[in-house]
>>> print(open('protein-v4.cif').read())   # mmCIF, C-alpha atoms
data_target
loop_
_atom_site.group_PDB
_atom_site.id
_atom_site.type_symbol
_atom_site.label_atom_id
_atom_site.label_comp_id
_atom_site.auth_asym_id
_atom_site.auth_seq_id
_atom_site.Cartn_x
_atom_site.Cartn_y
_atom_site.Cartn_z
ATOM 1 C CA MET M 2 93.647 207.882 -53.177
ATOM 2 C CA THR M 3 90.192 208.449 -54.610
ATOM 3 C CA GLU M 4 89.213 209.266 -58.188
ATOM 4 C CA THR M 5 85.730 210.299 -59.257
ATOM 5 C CA PRO M 6 84.656 209.329 -62.783
ATOM 6 C CA ASN M 7 80.949 209.742 -63.660
ATOM 7 C CA LYS M 8 79.712 206.236 -63.125
ATOM 8 C CA LEU M 9 82.087 204.890 -60.487
ATOM 9 C CA VAL M 10 83.777 205.789 -57.240
ATOM 10 C CA ILE M 11 87.213 204.223 -57.141
ATOM 11 C CA SER M 12 89.200 203.828 -53.936
ATOM 12 C CA ARG M 13 92.039 201.638 -52.774
ATOM 13 C CA GLU M 14 92.556 199.498 -49.696
ATOM 14 C CA GLY M 15 96.118 198.187 -49.797
ATOM 15 C CA GLN M 16 96.474 196.204 -53.017
ATOM 16 C CA ILE M 17 92.724 196.012 -53.551
ATOM 17 C CA THR M 18 90.854 198.368 -55.879
ATOM 18 C CA ILE M 19 87.317 199.031 -54.704
ATOM 19 C CA VAL M 20 84.836 200.253 -57.291
ATOM 20 C CA GLU M 21 81.418 201.447 -56.191
ATOM 21 C CA LEU M 22 78.825 201.610 -58.963
ATOM 22 C CA LEU M 23 76.894 204.869 -58.695
ATOM 23 C CA ASP M 24 73.794 204.088 -60.760
ATOM 24 C CA GLU M 25 70.692 202.713 -59.061
ATOM 25 C CA GLU M 26 69.482 201.280 -62.366
ATOM 26 C CA ILE M 27 71.924 199.350 -64.540
ATOM 27 C CA LEU M 28 69.425 198.240 -67.139
ATOM 28 C CA GLU M 29 69.791 200.241 -70.314
ATOM 29 C CA GLU M 30 72.361 199.756 -73.030
ATOM 30 C CA ALA M 31 73.603 203.380 -72.770
ATOM 31 C CA THR M 32 74.186 203.213 -69.009
ATOM 32 C CA ILE M 33 75.896 199.827 -69.276
ATOM 33 C CA ASN M 34 78.183 201.058 -72.058
ATOM 34 C CA GLU M 35 79.171 204.147 -70.059
ATOM 35 C CA ILE M 36 80.033 201.999 -67.031
ATOM 36 C CA ALA M 37 81.998 199.592 -69.236
ATOM 37 C CA ASP M 38 83.891 202.510 -70.783
ATOM 38 C CA GLU M 39 85.110 203.477 -67.312
ATOM 39 C CA LEU M 40 85.680 199.973 -65.932
ATOM 40 C CA PHE M 41 87.528 198.231 -68.755
ATOM 41 C CA PRO M 42 90.419 200.735 -69.053
ATOM 42 C CA LEU M 43 90.906 200.489 -65.296
ATOM 43 C CA VAL M 44 91.200 196.724 -65.538
ATOM 44 C CA SER M 45 93.260 196.648 -68.728
ATOM 45 C CA SER M 46 95.817 199.089 -67.391
ATOM 46 C CA LYS M 47 96.525 197.050 -64.289
ATOM 47 C CA PRO M 48 97.700 193.441 -64.557
ATOM 48 C CA ASN M 49 96.973 191.265 -61.485
ATOM 49 C CA ILE M 50 94.279 193.692 -60.355
ATOM 50 C CA GLN M 51 92.360 192.681 -57.265
ATOM 51 C CA LEU M 52 89.014 194.308 -57.891
ATOM 52 C CA LEU M 53 86.062 194.498 -55.542
ATOM 53 C CA LEU M 54 82.880 195.729 -57.194
ATOM 54 C CA SER M 55 80.338 197.166 -54.762
ATOM 55 C CA PHE M 56 76.634 197.168 -55.665
ATOM 56 C CA ILE M 57 75.619 199.053 -52.534
ATOM 57 C CA ARG M 58 73.665 201.679 -54.495
ATOM 58 C CA VAL M 59 72.343 199.403 -57.253
ATOM 59 C CA LYS M 60 68.648 198.478 -57.250
ATOM 60 C CA HIS M 61 68.137 197.101 -60.760
ATOM 61 C CA LEU M 62 70.269 194.977 -63.105
ATOM 62 C CA SER M 63 69.487 193.526 -66.535
ATOM 63 C CA SER M 64 70.862 190.551 -68.425
ATOM 64 C CA SER M 65 72.918 193.008 -70.506
ATOM 65 C CA ALA M 66 74.572 194.200 -67.290
ATOM 66 C CA LEU M 67 75.314 190.575 -66.384
ATOM 67 C CA GLY M 68 76.896 190.127 -69.819
ATOM 68 C CA THR M 69 79.189 193.086 -69.198
ATOM 69 C CA LEU M 70 80.178 191.668 -65.799
ATOM 70 C CA ILE M 71 81.043 188.356 -67.446
ATOM 71 C CA ARG M 72 83.192 190.123 -70.050
ATOM 72 C CA LEU M 73 84.863 192.135 -67.294
ATOM 73 C CA ASN M 74 85.601 188.959 -65.348
ATOM 74 C CA LYS M 75 87.139 187.359 -68.457
ATOM 75 C CA ARG M 76 89.356 190.397 -69.046
ATOM 76 C CA ILE M 77 90.506 190.355 -65.412
ATOM 77 C CA GLU M 78 91.257 186.636 -65.541
ATOM 78 C CA GLU M 79 93.246 187.123 -68.768
ATOM 79 C CA ASN M 80 95.312 189.710 -66.870
ATOM 80 C CA LYS M 81 95.764 187.272 -63.939
ATOM 81 C CA GLY M 82 93.628 189.380 -61.662
ATOM 82 C CA THR M 83 90.684 188.675 -59.372
ATOM 83 C CA LEU M 84 87.141 190.063 -59.351
ATOM 84 C CA LYS M 85 84.787 189.842 -56.382
ATOM 85 C CA LEU M 86 81.351 191.370 -55.842
ATOM 86 C CA CYS M 87 79.730 192.680 -52.671
ATOM 87 C CA HIS M 88 76.641 194.404 -51.262
ATOM 88 C CA LEU M 89 74.142 192.839 -53.663
ATOM 89 C CA LYS M 90 70.635 193.509 -52.364
ATOM 90 C CA LYS M 91 68.472 190.420 -51.963
ATOM 91 C CA PRO M 92 66.507 190.857 -55.248
ATOM 92 C CA LEU M 93 69.759 191.340 -57.164
ATOM 93 C CA TYR M 94 71.409 188.329 -55.540
ATOM 94 C CA GLU M 95 68.323 186.369 -56.617
ATOM 95 C CA ILE M 96 69.127 187.253 -60.250
ATOM 96 C CA PHE M 97 72.569 185.709 -59.775
ATOM 97 C CA VAL M 98 70.977 182.591 -58.267
ATOM 98 C CA ILE M 99 68.392 182.240 -61.078
ATOM 99 C CA THR M 100 71.110 182.570 -63.726
ATOM 100 C CA LYS M 101 73.506 180.453 -61.604
ATOM 101 C CA LEU M 102 76.084 183.210 -61.960
ATOM 102 C CA ASN M 103 76.603 182.942 -58.198
ATOM 103 C CA ARG M 104 78.733 179.938 -59.240
ATOM 104 C CA LEU M 105 80.849 182.073 -61.569
ATOM 105 C CA PHE M 106 81.336 185.084 -59.289
ATOM 106 C CA GLU M 107 82.555 185.304 -55.701
ATOM 107 C CA ILE M 108 79.850 187.303 -53.928
ATOM 108 C CA TYR M 109 80.091 188.680 -50.381
ATOM 109 C CA ASP M 110 77.459 190.303 -48.187
ATOM 110 C CA ASP M 111 79.582 193.298 -47.284
ATOM 111 C CA GLN M 112 82.808 195.060 -48.118
ATOM 112 C CA ALA M 113 84.710 194.049 -44.974
ATOM 113 C CA THR M 114 84.122 190.326 -45.540
ATOM 114 C CA ALA M 115 85.074 190.659 -49.189
ATOM 115 C CA LEU M 116 88.273 192.536 -48.348
ATOM 116 C CA SER M 117 89.326 189.951 -45.790
ATOM 117 C CA SER M 118 88.735 187.175 -48.345
ATOM 118 C CA PHE M 119 91.360 188.795 -50.608
ATOM 119 C CA GLU M 120 93.805 188.826 -47.701
ATOM 120 C CA LYS M 121 93.188 185.176 -46.910
ATOM 121 C CA LYS M 122 94.010 184.192 -50.493
ATOM 122 C CA ALA M 123 97.111 186.400 -50.538
ATOM 123 C CA MET W 23 46.546 189.849 -80.189
ATOM 124 C CA PRO W 24 43.286 190.564 -78.399
ATOM 125 C CA THR W 25 42.030 194.142 -78.689
ATOM 126 C CA GLN W 26 39.598 194.596 -75.841
ATOM 127 C CA SER W 27 40.608 197.365 -73.405
ATOM 128 C CA TYR W 28 44.281 197.184 -74.359
ATOM 129 C CA ARG W 29 46.398 200.269 -74.866
ATOM 130 C CA ASP W 30 48.651 200.393 -77.954
ATOM 131 C CA ILE W 31 51.969 202.178 -78.141
ATOM 132 C CA GLU W 32 54.267 202.163 -81.159
ATOM 133 C CA ILE W 33 57.865 203.314 -80.828
ATOM 134 C CA PRO W 34 60.931 203.264 -83.082
ATOM 135 C CA SER W 35 63.809 200.933 -82.195
ATOM 136 C CA ASP W 36 65.176 203.372 -79.668
ATOM 137 C CA TYR W 37 66.272 202.514 -76.113
ATOM 138 C CA HIS W 38 65.391 205.967 -74.782
ATOM 139 C CA ARG W 39 61.824 205.705 -76.084
ATOM 140 C CA ALA W 40 61.627 202.177 -74.703
ATOM 141 C CA LYS W 41 62.601 203.491 -71.267
ATOM 142 C CA GLU W 42 59.776 206.062 -71.408
ATOM 143 C CA VAL W 43 57.253 203.305 -72.112
ATOM 144 C CA GLU W 44 58.710 201.151 -69.348
ATOM 145 C CA ASP W 45 58.386 204.041 -66.895
ATOM 146 C CA ALA W 46 54.771 204.655 -67.920
ATOM 147 C CA ILE W 47 53.853 200.989 -67.383
ATOM 148 C CA ILE W 48 55.648 200.827 -64.030
ATOM 149 C CA ASP W 49 53.917 204.051 -62.923
ATOM 150 C CA SER W 50 50.579 202.555 -63.866
ATOM 151 C CA ALA W 51 51.328 199.339 -61.940
ATOM 152 C CA GLN W 52 52.415 201.408 -58.966
ATOM 153 C CA SER W 53 49.171 203.385 -59.009
ATOM 154 C CA HIS W 54 47.272 200.077 -58.997
ATOM 155 C CA GLY W 55 49.047 199.093 -55.779
ATOM 156 C CA TYR W 56 51.391 196.421 -57.089
ATOM 157 C CA HIS W 57 53.852 195.032 -54.548
ATOM 158 C CA GLU W 58 57.474 196.195 -54.707
ATOM 159 C CA ASP W 59 58.587 192.705 -55.818
ATOM 160 C CA ASP W 60 56.057 192.777 -58.679
ATOM 161 C CA LEU W 61 57.331 196.174 -59.803
ATOM 162 C CA PHE W 62 60.900 194.821 -59.751
ATOM 163 C CA ALA W 63 59.790 191.854 -61.881
ATOM 164 C CA LEU W 64 57.887 194.066 -64.320
ATOM 165 C CA ARG W 65 60.769 196.521 -64.719
ATOM 166 C CA LEU W 66 63.262 193.714 -65.391
ATOM 167 C CA SER W 67 61.021 191.769 -67.768
ATOM 168 C CA LEU W 68 59.994 194.859 -69.753
ATOM 169 C CA GLU W 69 63.630 195.827 -70.090
ATOM 170 C CA GLU W 70 64.520 192.345 -71.346
ATOM 171 C CA ALA W 71 61.584 192.137 -73.766
ATOM 172 C CA LEU W 72 62.170 195.611 -75.206
ATOM 173 C CA THR W 73 65.926 195.092 -75.507
ATOM 174 C CA ASN W 74 65.325 191.790 -77.299
ATOM 175 C CA ALA W 75 62.829 193.466 -79.663
ATOM 176 C CA ILE W 76 65.175 196.359 -80.494
ATOM 177 C CA ARG W 77 68.532 194.570 -80.528
ATOM 178 C CA HIS W 78 67.699 191.091 -81.800
ATOM 179 C CA GLY W 79 64.256 191.443 -83.428
ATOM 180 C CA ASN W 80 64.713 194.718 -85.285
ATOM 181 C CA ALA W 81 68.537 194.476 -85.315
ATOM 182 C CA GLY W 82 68.707 198.088 -84.098
ATOM 183 C CA ASP W 83 67.058 199.391 -87.280
ATOM 184 C CA ARG W 84 65.340 202.629 -86.214
ATOM 185 C CA GLU W 85 62.995 202.393 -89.192
ATOM 186 C CA LYS W 86 61.503 199.272 -87.665
ATOM 187 C CA LYS W 87 58.889 199.663 -84.950
ATOM 188 C CA VAL W 88 58.317 198.032 -81.606
ATOM 189 C CA ILE W 89 54.631 197.728 -80.760
ATOM 190 C CA LEU W 90 53.389 197.363 -77.200
ATOM 191 C CA ARG W 91 49.853 196.377 -76.359
ATOM 192 C CA TYR W 92 48.975 196.199 -72.687
ATOM 193 C CA TYR W 93 46.488 196.622 -69.929
ATOM 194 C CA ILE W 94 46.989 196.852 -66.216
ATOM 195 C CA ASN W 95 44.314 196.472 -63.607
ATOM 196 C CA GLU W 96 44.425 195.693 -59.903
ATOM 197 C CA ASN W 97 44.800 191.977 -60.647
ATOM 198 C CA GLN W 98 47.325 191.695 -63.435
ATOM 199 C CA ALA W 99 49.546 193.368 -65.981
ATOM 200 C CA ASP W 100 49.088 191.851 -69.436
ATOM 201 C CA ILE W 101 51.712 192.938 -71.966
ATOM 202 C CA TYR W 102 52.526 192.112 -75.584
ATOM 203 C CA VAL W 103 55.791 193.276 -77.152
ATOM 204 C CA ALA W 104 56.043 192.857 -80.923
ATOM 205 C CA ASP W 105 58.923 193.643 -83.271
ATOM 206 C CA GLU W 106 59.240 193.700 -87.051
ATOM 207 C CA GLY W 107 62.030 191.163 -87.221
ATOM 208 C CA PRO W 108 61.938 187.656 -88.717
ATOM 209 C CA GLY W 109 61.322 186.072 -85.296
ATOM 210 C CA PHE W 110 63.185 183.214 -83.650
ATOM 211 C CA ASP W 111 62.633 179.870 -82.001
ATOM 212 C CA PRO W 112 62.749 180.437 -78.226
ATOM 213 C CA THR W 113 63.166 176.704 -77.622
ATOM 214 C CA ALA W 114 66.453 176.803 -79.587
ATOM 215 C CA VAL W 115 68.080 179.294 -77.196
ATOM 216 C CA PRO W 116 70.823 177.419 -75.299
ATOM 217 C CA ASP W 117 70.344 176.983 -71.546
ATOM 218 C CA PRO W 118 72.594 179.706 -70.058
ATOM 219 C CA THR W 119 72.686 177.995 -66.651
ATOM 220 C CA ILE W 120 74.592 174.865 -67.698
ATOM 221 C CA THR W 121 78.255 174.936 -66.743
ATOM 222 C CA GLU W 122 79.677 175.262 -70.279
ATOM 223 C CA ASN W 123 77.448 178.287 -70.963
ATOM 224 C CA LEU W 124 77.989 180.162 -67.678
ATOM 225 C CA SER W 125 80.754 182.314 -69.177
ATOM 226 C CA GLN W 126 78.701 183.263 -72.223
ATOM 227 C CA PRO W 127 77.801 186.954 -71.938
ATOM 228 C CA ASN W 128 74.445 186.661 -73.731
ATOM 229 C CA GLY W 129 71.256 184.613 -73.643
ATOM 230 C CA ARG W 130 69.808 185.240 -70.165
ATOM 231 C CA GLY W 131 66.939 187.594 -70.986
ATOM 232 C CA ILE W 132 64.288 184.952 -71.650
ATOM 233 C CA LEU W 133 65.373 182.969 -68.594
ATOM 234 C CA LEU W 134 64.862 186.042 -66.405
ATOM 235 C CA MET W 135 61.499 186.896 -67.971
ATOM 236 C CA ARG W 136 60.279 183.340 -67.364
ATOM 237 C CA ALA W 137 61.552 183.453 -63.772
ATOM 238 C CA TYR W 138 59.898 186.753 -62.889
ATOM 239 C CA MET W 139 56.627 186.749 -64.849
ATOM 240 C CA ASN W 140 53.654 184.434 -64.306
ATOM 241 C CA LEU W 141 53.333 183.792 -68.031
ATOM 242 C CA VAL W 142 55.761 184.216 -70.933
ATOM 243 C CA GLU W 143 54.756 182.904 -74.344
ATOM 244 C CA TYR W 144 55.742 183.612 -77.942
ATOM 245 C CA ASN W 145 53.733 183.574 -81.152
ATOM 246 C CA ASP W 146 54.644 180.932 -83.737
ATOM 247 C CA THR W 147 56.956 183.306 -85.602
ATOM 248 C CA GLY W 148 58.751 184.362 -82.429
ATOM 249 C CA ASN W 149 58.452 188.110 -82.955
ATOM 250 C CA VAL W 150 55.710 188.718 -80.374
ATOM 251 C CA VAL W 151 56.143 187.951 -76.692
ATOM 252 C CA HIS W 152 53.161 187.905 -74.367
ATOM 253 C CA MET W 153 53.832 188.365 -70.650
ATOM 254 C CA VAL W 154 51.531 188.395 -67.647
ATOM 255 C CA LYS W 155 52.355 189.459 -64.109
ATOM 256 C CA LEU W 156 49.801 188.892 -61.364
ATOM 257 C CA ASN W 157 49.549 191.453 -58.602
ATOM 258 C CA SER W 158 50.640 189.470 -55.564
ATOM 259 C CA LYS W 159 48.648 191.784 -53.264
ATOM 260 C CA PRO W 160 45.447 192.698 -55.131
#
>>> encode(input="protein-v4.cif", output="C-alpha cells")
Amino acid sequence: MTETPNKLVISREGQITIVELLDEEILEEATINEIADELFPLVSSKPNIQLLLSFIRVKHLSSSALGTLIRLNKRIEENKGTLKLCHLKKPLYEIFVITKLNRLFEIYDDQATALSSFEKKA
Amino acid sequence: MPTQSYRDIEIPSDYHRAKEVEDAIIDSAQSHGYHEDDLFALRLSLEEALTNAIRHGNAGDREKKVILRYYINENQADIYVADEGPGFDPTAVPDPTITENLSQPNGRGILLMRAYMNLVEYNDTGNVVHMVKLNSKP
C-alpha cells in the first residue's frame, strides 16, 4: 500500500511504516511545517507505530528541522512506538554528531539494515 | 560594522525574502569557486542566523527589518546579520549537547553556526552576528 502526500512517500513493509522525505532542502520554517503537518497525524493516528524515516533525497537540514524530529520522536514515544532514521548523507550525519543527536536517534546507513533492526527487536 | 566594499541588503522579517538573500549569497560563493563543503556550511549558517534574527530577534514582527552586510571574495565570505530586537546573551544559551538537554527541540542554531563557520561573534547587545567562512580551496 502506498500513499502519496506532497512532502512524503509512505509505504509499508510488514508492521513497519517507511516514510521517505521528498524535499532536498529541509531548512525553512514553511517547508518544515508542511512536513510536520503530514507526519504528525500519521503518527498520532497509529499507536505503537514502527516508523522508519528515510533521508535518501535530503541534502540540507536546519536546527528547526532537528527540533521537529525531536518533537516527532517524543510523540511516537508517548504512543509507545519506535522511530528510526536511515540514509543520512555524510554531511547530514555530521550535523547529528555535532549536536550529539546521534545519541538520541537510532540511525542506520540504509533501509535494509534499519528494517532488520526492527525485526531483531520484535 | 565596517563599511568598506560590503554590500548591504535590508529585508522585512520574512522567511521567503530571507531565502532569496541566502540564495544570492550562495550563488556568489559558488561563482567564486567555494568548495561544496563550504557552500553547505554557508547555507546552514545563513539559515540559522536569519531564522534567529526573524524568529527570536524581531519576534516575527514584519515591521522590523533584518539587515545583512557582506562581502565575498575568493578567500572568504564575511557576513553580518543584524535584527531590530533587544538582543540576547549568547553565553547564556544552554548547551544543547548535554544529556538533559538532548530532548529539547530548540537551541542548536548557534552551536551549528560555530561548528561550520571559521568565526562567529556577537556584538555586545547580541542583535548582530558576524560570521566568516574561509574558502577551503582558494
>>> resolve_selection(input="protein-v4.cif", expression="the PyMOL selection byres ((chain W and resi 134-150) around 8)", output="compact mmCIF listing (two decimals) with C-alpha atoms, in the frame of the given file")
# COMPACT_ATOMS: atom_id res chain seq x y z
CA SER M 64 70.86 190.55 -68.42
CA ILE M 96 69.13 187.25 -60.25
CA ILE M 99 68.39 182.24 -61.08
CA THR M 100 71.11 182.57 -63.73
CA ALA W 63 59.79 191.85 -61.88
CA LEU W 64 57.89 194.07 -64.32
CA LEU W 66 63.26 193.71 -65.39
CA SER W 67 61.02 191.77 -67.77
CA GLU W 70 64.52 192.34 -71.35
CA ALA W 71 61.58 192.14 -73.77
CA ALA W 75 62.83 193.47 -79.66
CA GLY W 79 64.26 191.44 -83.43
CA TYR W 102 52.53 192.11 -75.58
CA VAL W 103 55.79 193.28 -77.15
CA ALA W 104 56.04 192.86 -80.92
CA ASP W 105 58.92 193.64 -83.27
CA GLU W 106 59.24 193.70 -87.05
CA GLY W 107 62.03 191.16 -87.22
CA PRO W 108 61.94 187.66 -88.72
CA GLY W 109 61.32 186.07 -85.30
CA PHE W 110 63.18 183.21 -83.65
CA ASP W 111 62.63 179.87 -82.00
CA PRO W 112 62.75 180.44 -78.23
CA ARG W 130 69.81 185.24 -70.17
CA GLY W 131 66.94 187.59 -70.99
CA ILE W 132 64.29 184.95 -71.65
CA LEU W 133 65.37 182.97 -68.59
CA VAL W 151 56.14 187.95 -76.69
CA HIS W 152 53.16 187.90 -74.37
CA MET W 153 53.83 188.36 -70.65
CA VAL W 154 51.53 188.40 -67.65
CA LYS W 155 52.36 189.46 -64.11
CA LEU W 156 49.80 188.89 -61.36
>>> atom_distance(input="protein-v4.cif", atom1="CA of Lys8 in chain M", atom2="CA of Glu42 in chain W")
21.6 Å
>>> closest_residue(input="protein-v4.cif", among="W:Ser158, W:His38, W:Asn95, W:Ile48", to="chain M", atoms="only C-alpha atoms")
W:His38
>>> resolve_selection(input="protein-v4.cif", expression="the PyMOL selection byres ((chain M and resi 37) around 12)", output="count of residues only")
32
>>> residues_around(input="protein-v4.cif", residues="Ile17 in chain M", least_positions_apart="3", cutoff="9 Å", atoms="all atoms listed in the file", output="PDB file with C-alpha atoms, in the coordinates of the input")
ATOM      1  CA  SER M  12      89.200 203.828 -53.936  1.00  0.00           C
ATOM      2  CA  ARG M  13      92.039 201.638 -52.774  1.00  0.00           C
ATOM      3  CA  GLU M  14      92.556 199.498 -49.696  1.00  0.00           C
ATOM      4  CA  ILE M  50      94.279 193.692 -60.355  1.00  0.00           C
ATOM      5  CA  GLN M  51      92.360 192.681 -57.265  1.00  0.00           C
ATOM      6  CA  LEU M  52      89.014 194.308 -57.891  1.00  0.00           C
ATOM      7  CA  LEU M  53      86.062 194.498 -55.542  1.00  0.00           C
ATOM      8  CA  LEU M 116      88.273 192.536 -48.348  1.00  0.00           C
ATOM      9  CA  PHE M 119      91.360 188.795 -50.608  1.00  0.00           C
TER      10      PHE M 119
END
>>> residues_around(input="protein-v4.cif", residues="range 54-59 of chain M", least_positions_apart="5", cutoff="6 Å", atoms="only C-alpha atoms", output="PyMOL selection string")
chain M and resi 20-22+25+86-89
